[in-house]
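*Asks:* Would you mind keeping the following structure in view while I ask a few things?
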Amino acid sequence: MKKVYLFDLNPEHFKNVGDLILPFYNEDPLNFLFLGPSGFYVKQVAEYIASQTKKTINRDAFRVINQYVTETLKTYQPQSVILDRDFLKVYIENEIMDLIEEEKKDEEFSEYLNVISKSQKSVEYILDIFEKKWEISRVEDEKIVESSEEYKLLDDSIDNNSNLYILYTKLEKKLEDILETKFDMSIKYQRNYDPVSVYKWFYEILPNRLKEEGKKYIGKRVVISGFFDISPAVNKTLKAFFDLFEEVHFITWVNIEDRSFDSITNIHNFLKNEGFEFQSKRKGLKRIFENTNIEIFPMNNDVSEIEILTKEIKRRLISENLSPDDLGIVVPNNSTAKLLADYMEDAKIPYRFKNDVSLNESQIVLILLQPIKTLVRGCEVEDILAMIESGYGGVTELTMEQIENYLKHLNLFYDIQKSSLKNRKEKWLNTIEKEIEKRNSQLKGTEEIERISEELKDLRELKKCLGNIFSLLEDIQKSKDRKRYFSVSDYRELVKEWIDTYLSHFNILKTYEDVIPIESQLNALKAFEALVFNVEENLGKILKSDKNLGIEKFYKILSSLIQIETYRESERYDNTVEIMSLEDSRFVKKKYKYFVGFTEENYPSIKVNPFITSMSNEGTLIARHSEKISRRNLFISMIFADNIIFTYPNAKLSGEPILPSPYEKEFRNNFKNVKYSSEFLSKKEILPTDPENIFSDTEATIYYILNGKKEFLQSKHYTDIERLKKEITNPSWQLYKNTDLGRLSHTKITTYVDCPFKYYLGIEGRLNGDKDFGKFFDGLIKHRVMKEIFSKYKNYEVMSQKILNKEELKEEIKNIIEDIWEEYTDDFLQTYQAIKDVESEIITEDILDSIEDIHRNYIHFKKGIDLTYSQVIATELEVNSKINIGNFHDVDLTSRIDR
């Protein structure tokens, strides 16, 4: 029996699905199966059934399709090893490292591998391509591949002569070796399976096994629901399900008349081809949203958007008797989410920030990787300083600024060459010891005993601190040297020791608690521990011997994986305003759903794998497909809301204009219940005057101060109240007269356009901040060197000959810098030879680049024509005129063309 149910896509979807399957489940809970595309979708249906039965339900009856297929395989082949997606990440990273060594003779391919190995998200992009291409090659059915737009586009995009395809074929071959058998699907016990071959086992091997056992079916009734897209492997697996159950009930959607829902048509065609009999239905978007309230609010800028939205949510929670769980906020990116979270924290609104943060953004993860990073990178100065700051040097009274100053004074701070641990340790500790001896000798005949004694104390403290750092690094090397290799288990043991010794004992995380929540870092630590365990487990499957893993390779694998592995900053769930990405907001039902940053940059959100577009002519088609997915996600999210509010800024805080999403105009034209309002475009209230519009402690404090309400203030503000009030209402901050603009330069006009307040502070208030006079030193030296060079090599022909030998010209530039250095520096630090060498090298490279650029762009004149200095000066042109601008008449305008 095969039956299709066509459901409208509406907020009651999970209730409708649950009501349909409840009688099936109640009839025989142990012989019932519900399959869905994702864990979230299946969970919603299972929870509804549980709420209706009011009993503990059979959770094994509710499964994600790949979960059920994997469990079935394990039932028949319990000894088999399933290689999951985490394994593939480690596998790809490891193989790229190996291929870099193996393919050195192929210069082009080797260079390609080196480039992608340095890319932060290369593994993620390659994995995305590898999984799909691998699936296409395993399914071996062109017709099925063509039925999936995403897979067809990818297959057409890959050039078989490209480096990407060469990489894929090498990864494919090695993975086949790891799986220990060819893909003829011959039955072997204790073999390995990747995610695609698990599906293939289900639709090719299982039916034959059942026949051998004299069985036709593996179950009585299956209900399948929730699919929008069907990959080639899932396509074949679903066909197997249709034959392996006595009853198949397939729930799909009424077709929606919009390009973003074309995939529903494909599912209808797929079902009809498999013998399901039903009549397709269609519904327009206008009918779907005819009873939904949609509001659109433009805001002044991106910060006021978040501020106003926070106040509106707090006002709604207070005045409309709503619970925080009734409201959801959809954000386009993590930076918007974090800003919103900060404002909601200040407004005391309970929220859940459902964001996935990369592990490489976690301070605790960076701290735990720092010792390995220091060794791998050649004990660089900045890495050693990072280890001190991370607490590996132990408790010290020295500040980082003091440590850096002592290292500069000892000429160690600019010790920029990579070095072995042994050499770095000997040089640094010996230099500090000599300085201690020198200070000890100075104590005998000086009146500055107190100062020198204090410096001696600091130097001994610095030596102890660095000694701890070098000892720790030596422990890592000894761990490697004892066995001639470095294993993941070694690192896991070291991490455990570092957490116990440094992070816990010295309370390192306490130093960051004003910047990052401790809860967030503990979540990151759990995720990192899980990652290290997975890497250890998966490398064990890949490597024939643990000896193949060097510390450099291990660091590269781990530092690459923390770019793509994520953690949740907060685990708050109950009764909170949920901050979500667009993808996470689908199927999440809310009374009010806010879409923040509804701009052309964010909607549609087009995500295209750069590895494909870099070599493909299908880029436009891939982008169109991505737009359709983004658009579909938006509509699904909107459907699961009673009230929809879109907000977008008209400009950035700097004044740069921002355009709304192209969907905004479309919605206003096509949907009936759209309310567009510019009520929030009014001028921002700088000082809070109306208590009804105050929803945060900060604004409340200012209001109490301005109105003398001392009884409501915290005690720390008591003594300052009059002074604070005087400062806040200081009349000298207010402009009573028109400002005399004087001459408006291009810089002044640009500054005003970017930010009027910055113009006021800088031009009128004269608050220009600290000046870095080091820039003048740099510029003066460059000008002097250029004068010397071009005075010596005046003609184009002479310079053309000189520039042929770049090393010789470079050496000449360095010699000039050496000769004039003392004339241009009065900074004591700049007199150190190490600093001088570093700065000299940078300046030399800059000047050499400039000379090459001037030579390359030289304008040739006809023979016999000389261009004199006076003629060059004559090319300057200044034009004065008067113009009228609005109410201003006879405004002097000066235009100038420089020589």
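By convention in this document, the chains of the structure tokens carry letters A, B, ... by their order, each chain's residues are numbered from 1, and ligands are numbered from 1 in the order they are shown.
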Show me, as a PyMOL selection string, the residues that have an atom within 8 Å of Leu456 (chain A) when counting only C-alpha atoms, minus same-chain residues fewer than 4 positions from it.

*Replies:* chain A and resi 436+439-440+452+460

*Asks:* Save out the residues we just selected, all heavy atoms, as a compact mmCIF listing (two decimals), in the first residue's frame.

*Replies:*
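That gives us part_11.txt:
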# COMPACT_ATOMS: atom_id res chain seq x y z
N ILE A 436 71.66 40.64 34.90
CA ILE A 436 71.54 40.56 36.38
C ILE A 436 72.92 40.77 37.00
O ILE A 436 73.06 41.51 38.00
CB ILE A 436 70.95 39.18 36.79
CG1 ILE A 436 69.47 39.12 36.40
CG2 ILE A 436 71.11 38.95 38.29
CD1 ILE A 436 68.84 37.74 36.58
N ARG A 439 73.83 44.43 36.83
CA ARG A 439 73.12 45.24 37.83
C ARG A 439 73.69 44.99 39.23
O ARG A 439 73.76 45.90 40.05
CB ARG A 439 71.63 44.93 37.82
CG ARG A 439 70.93 45.25 36.50
CD ARG A 439 71.06 46.72 36.13
NE ARG A 439 70.67 46.97 34.77
CZ ARG A 439 69.44 47.36 34.41
NH1 ARG A 439 68.52 47.55 35.32
NH2 ARG A 439 69.16 47.57 33.15
N ASN A 440 74.09 43.75 39.51
CA ASN A 440 74.68 43.44 40.81
C ASN A 440 75.97 44.23 41.02
O ASN A 440 76.24 44.75 42.11
CB ASN A 440 74.98 41.94 40.94
CG ASN A 440 73.76 41.16 41.39
OD1 ASN A 440 72.97 41.65 42.20
ND2 ASN A 440 73.60 39.94 40.88
N ILE A 452 67.90 50.26 41.13
CA ILE A 452 68.61 49.08 40.61
C ILE A 452 68.12 47.81 41.30
O ILE A 452 67.97 46.75 40.67
CB ILE A 452 70.13 49.25 40.76
CG1 ILE A 452 70.60 50.40 39.84
CG2 ILE A 452 70.87 47.96 40.40
CD1 ILE A 452 72.06 50.75 39.99
N ARG A 460 65.02 39.00 37.75
CA ARG A 460 64.96 37.62 38.28
C ARG A 460 63.57 37.02 38.05
O ARG A 460 63.43 35.83 37.75
CB ARG A 460 65.28 37.63 39.78
CG ARG A 460 66.75 37.96 40.07
CD ARG A 460 67.10 37.76 41.52
NE ARG A 460 68.49 38.10 41.77
CZ ARG A 460 68.89 39.19 42.46
NH1 ARG A 460 67.98 40.02 42.96
NH2 ARG A 460 70.17 39.43 42.64

*Asks:* Quick one: pull the distance between CA of His783 (chain A) and CA of Ser895 (chain A), Å, one decimal.

*Replies:*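 Between CA of His783 (chain A) and CA of Ser895 (chain A) the gap works out to 27.0 Å.
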
*Asks:* Output as a tab-separated table one row per residue of region 150-244 of chain A within 10 Å of region 624-636 of chain A: the closest atom pair and its distance in Å to one decimal place, counting only C-alpha atoms, sorted by chain and residue number ascending.

*Replies:*
residue	atom	partner	partner_atom	distance
A:Glu150	CA	A:His625	CA	7.3
A:Leu153	CA	A:His625	CA	9.0
A:Phe228	CA	A:Arg632	CA	9.9

*Asks:* Determine which residues of region 114-323 of chain A DSSP labels as strand (DSSP E) from the backbone of this structure, then write them out as a PyMOL selection string.

*Replies:* chain A and resi 192-193+219-225+245-253+255-256+282-283+293-301

*Asks:* Excluding same-chain residues fewer than 4 positions from region 299-310 of chain A, what lies within 7 Å of it counting only C-alpha atoms, as a PyMOL selection string?

*Replies:* chain A and resi 314+340+343-344+648-653+680-681

*Asks:* Please produce a file of those selected residues containing N, CA, C and O atoms, as a PDB file, in the first residue's frame.

*Replies:*
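Resulting contents of again_17.pdb:
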ATOM      1  N   LYS A 314      11.282  44.764  24.628  1.00  0.00           N
ATOM      2  CA  LYS A 314      11.052  44.906  26.077  1.00  0.00           C
ATOM      3  C   LYS A 314       9.669  45.511  26.333  1.00  0.00           C
ATOM      4  O   LYS A 314       8.928  45.057  27.227  1.00  0.00           O
ATOM      5  N   LEU A 340      23.219  42.493  19.206  1.00  0.00           N
ATOM      6  CA  LEU A 340      21.869  42.378  19.727  1.00  0.00           C
ATOM      7  C   LEU A 340      21.879  41.746  21.118  1.00  0.00           C
ATOM      8  O   LEU A 340      21.159  42.198  22.033  1.00  0.00           O
ATOM      9  N   TYR A 343      22.859  44.325  23.759  1.00  0.00           N
ATOM     10  CA  TYR A 343      21.770  45.245  24.087  1.00  0.00           C
ATOM     11  C   TYR A 343      20.694  44.550  24.922  1.00  0.00           C
ATOM     12  O   TYR A 343      20.140  45.139  25.860  1.00  0.00           O
ATOM     13  N   MET A 344      20.399  43.303  24.615  1.00  0.00           N
ATOM     14  CA  MET A 344      19.374  42.581  25.362  1.00  0.00           C
ATOM     15  C   MET A 344      19.851  42.259  26.775  1.00  0.00           C
ATOM     16  O   MET A 344      19.066  42.254  27.717  1.00  0.00           O
ATOM     17  N   TYR A 648      15.414  47.364   8.789  1.00  0.00           N
ATOM     18  CA  TYR A 648      16.688  47.543   8.077  1.00  0.00           C
ATOM     19  C   TYR A 648      17.174  48.976   8.273  1.00  0.00           C
ATOM     20  O   TYR A 648      16.383  49.901   8.431  1.00  0.00           O
ATOM     21  N   PRO A 649      18.496  49.176   8.302  1.00  0.00           N
ATOM     22  CA  PRO A 649      19.049  50.521   8.446  1.00  0.00           C
ATOM     23  C   PRO A 649      19.138  51.218   7.090  1.00  0.00           C
ATOM     24  O   PRO A 649      19.383  50.571   6.069  1.00  0.00           O
ATOM     25  N   ASN A 650      18.938  52.535   7.090  1.00  0.00           N
ATOM     26  CA  ASN A 650      19.110  53.310   5.855  1.00  0.00           C
ATOM     27  C   ASN A 650      20.574  53.626   5.579  1.00  0.00           C
ATOM     28  O   ASN A 650      20.926  53.999   4.464  1.00  0.00           O
ATOM     29  N   ALA A 651      21.391  53.542   6.624  1.00  0.00           N
ATOM     30  CA  ALA A 651      22.809  53.889   6.465  1.00  0.00           C
ATOM     31  C   ALA A 651      23.624  53.215   7.555  1.00  0.00           C
ATOM     32  O   ALA A 651      23.088  52.761   8.569  1.00  0.00           O
ATOM     33  N   LYS A 652      24.935  53.128   7.317  1.00  0.00           N
ATOM     34  CA  LYS A 652      25.845  52.699   8.376  1.00  0.00           C
ATOM     35  C   LYS A 652      26.059  53.864   9.334  1.00  0.00           C
ATOM     36  O   LYS A 652      25.700  54.996   9.034  1.00  0.00           O
ATOM     37  N   LEU A 653      26.670  53.590  10.468  1.00  0.00           N
ATOM     38  CA  LEU A 653      26.917  54.651  11.443  1.00  0.00           C
ATOM     39  C   LEU A 653      27.809  55.730  10.851  1.00  0.00           C
ATOM     40  O   LEU A 653      27.718  56.908  11.206  1.00  0.00           O
ATOM     41  N   PHE A 680      10.322  55.257  13.074  1.00  0.00           N
ATOM     42  CA  PHE A 680      11.585  55.182  13.803  1.00  0.00           C
ATOM     43  C   PHE A 680      12.711  55.958  13.120  1.00  0.00           C
ATOM     44  O   PHE A 680      13.867  55.877  13.542  1.00  0.00           O
ATOM     45  N   LEU A 681      12.362  56.701  12.063  1.00  0.00           N
ATOM     46  CA  LEU A 681      13.382  57.501  11.380  1.00  0.00           C
ATOM     47  C   LEU A 681      13.540  58.878  12.014  1.00  0.00           C
ATOM     48  O   LEU A 681      14.291  59.707  11.523  1.00  0.00           O
TER      49      LEU A 681
END

*Asks:* According to DSSP computed on the backbone, where in region 299-499 of chain A is there alpha helix (DSSP H)? Give the residues as a PyMOL selection string.

*Replies:* chain A and resi 302-319+334-346+363-376+381-389+400-409+421-442+449-483+488-498

*Asks:* List as a list in words the protein and nucleic acid residues near Arg492 (chain A), meaning an atom at most 10 Å away when only C-alpha atoms are counted, but skip any in the same chain fewer than 5 places from it.

*Replies:*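 Counting only the stated atoms, we get Ser487, Glu497, Trp498, Glu529, Val532, Phe533 and Glu536 of chain A.
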
*Asks:* Near Leu285 (chain A), within 12 Å and counting only C-alpha atoms, which residues show up once chain neighbours fewer than 2 positions away are dropped, as a compact mmCIF listing (two decimals) with N, CA and C atoms, in the first residue's frame?

*Replies:*
# COMPACT_ATOMS: atom_id res chain seq x y z
N ASP A 8 -0.83 21.63 3.42
CA ASP A 8 -0.44 23.04 3.27
C ASP A 8 0.74 23.32 4.18
N LEU A 9 1.60 24.19 3.72
CA LEU A 9 2.72 24.62 4.57
C LEU A 9 2.20 25.75 5.45
N ASN A 10 1.94 25.46 6.73
CA ASN A 10 1.40 26.47 7.64
C ASN A 10 1.96 26.27 9.04
N VAL A 254 1.62 20.79 -0.52
CA VAL A 254 0.92 21.37 -1.66
C VAL A 254 1.92 22.26 -2.40
N ASN A 255 1.95 22.17 -3.70
CA ASN A 255 2.93 22.94 -4.47
C ASN A 255 2.68 24.44 -4.32
N ILE A 256 3.74 25.19 -4.06
CA ILE A 256 3.63 26.64 -3.88
C ILE A 256 4.14 27.33 -5.15
N GLU A 257 3.34 28.28 -5.64
CA GLU A 257 3.65 28.93 -6.91
C GLU A 257 4.73 30.00 -6.74
N ASP A 258 5.95 29.53 -6.60
CA ASP A 258 7.10 30.43 -6.50
C ASP A 258 8.34 29.63 -6.88
N ARG A 259 9.32 30.29 -7.52
CA ARG A 259 10.51 29.59 -7.99
C ARG A 259 11.27 28.90 -6.87
N SER A 260 11.15 29.42 -5.65
CA SER A 260 11.90 28.85 -4.54
C SER A 260 11.38 27.48 -4.12
N PHE A 261 10.19 27.11 -4.56
CA PHE A 261 9.60 25.83 -4.18
C PHE A 261 9.51 24.86 -5.37
N ARG A 282 -1.87 23.23 -6.15
CA ARG A 282 -1.01 24.41 -6.15
C ARG A 282 -1.65 25.52 -5.31
N LYS A 283 -0.77 26.35 -4.74
CA LYS A 283 -1.26 27.46 -3.93
C LYS A 283 -0.30 28.64 -4.09
N ARG A 287 -2.11 33.83 -1.01
CA ARG A 287 -3.07 33.14 -0.16
C ARG A 287 -2.43 32.66 1.14
N ILE A 288 -1.17 32.25 1.06
CA ILE A 288 -0.49 31.74 2.26
C ILE A 288 -0.35 32.84 3.31
N PHE A 289 -0.06 34.08 2.86
CA PHE A 289 0.19 35.16 3.82
C PHE A 289 -0.98 36.14 3.95
N GLU A 290 -2.16 35.76 3.46
CA GLU A 290 -3.28 36.71 3.46
C GLU A 290 -3.75 37.07 4.87
N ASN A 291 -3.51 36.21 5.86
CA ASN A 291 -3.94 36.49 7.23
C ASN A 291 -2.77 36.77 8.17
N THR A 292 -1.61 37.02 7.57
CA THR A 292 -0.42 37.29 8.39
C THR A 292 -0.11 38.78 8.40
N ARG A 632 13.57 30.29 -0.23
CA ARG A 632 12.68 29.27 0.35
C ARG A 632 12.79 29.25 1.87
N PHE A 635 10.77 32.17 3.29
CA PHE A 635 9.32 31.97 3.27
C PHE A 635 8.88 30.94 4.31
N ILE A 636 9.65 29.85 4.46
CA ILE A 636 9.29 28.84 5.48
C ILE A 636 9.33 29.47 6.87
N MET A 638 8.95 32.63 7.61
CA MET A 638 7.82 33.56 7.72
C MET A 638 6.50 32.83 7.97
N ILE A 639 6.32 31.68 7.33
CA ILE A 639 5.08 30.92 7.49
C ILE A 639 4.86 30.51 8.94
N GLU A 666 9.02 43.83 -3.31
CA GLU A 666 8.16 42.73 -3.78
C GLU A 666 7.05 42.43 -2.77
N PHE A 667 7.40 42.38 -1.49
CA PHE A 667 6.40 42.08 -0.46
C PHE A 667 5.35 43.19 -0.39
N ASN A 670 3.01 42.79 -3.43
CA ASN A 670 2.27 41.55 -3.64
C ASN A 670 1.41 41.09 -2.46
N PHE A 671 1.79 41.47 -1.24
CA PHE A 671 1.03 40.99 -0.08
C PHE A 671 0.11 42.09 0.45
N LYS A 672 -1.09 41.69 0.86
CA LYS A 672 -2.09 42.66 1.29
C LYS A 672 -1.77 43.31 2.63

*Asks:* Any idea what's packed within 8 Å of Val145 (chain A), counting only C-alpha atoms, ignoring anything in its chain fewer than 5 positions away? Could you give it as an MDAnalysis selection string?

*Replies:* chainID A and resid 136 151:152 231:232
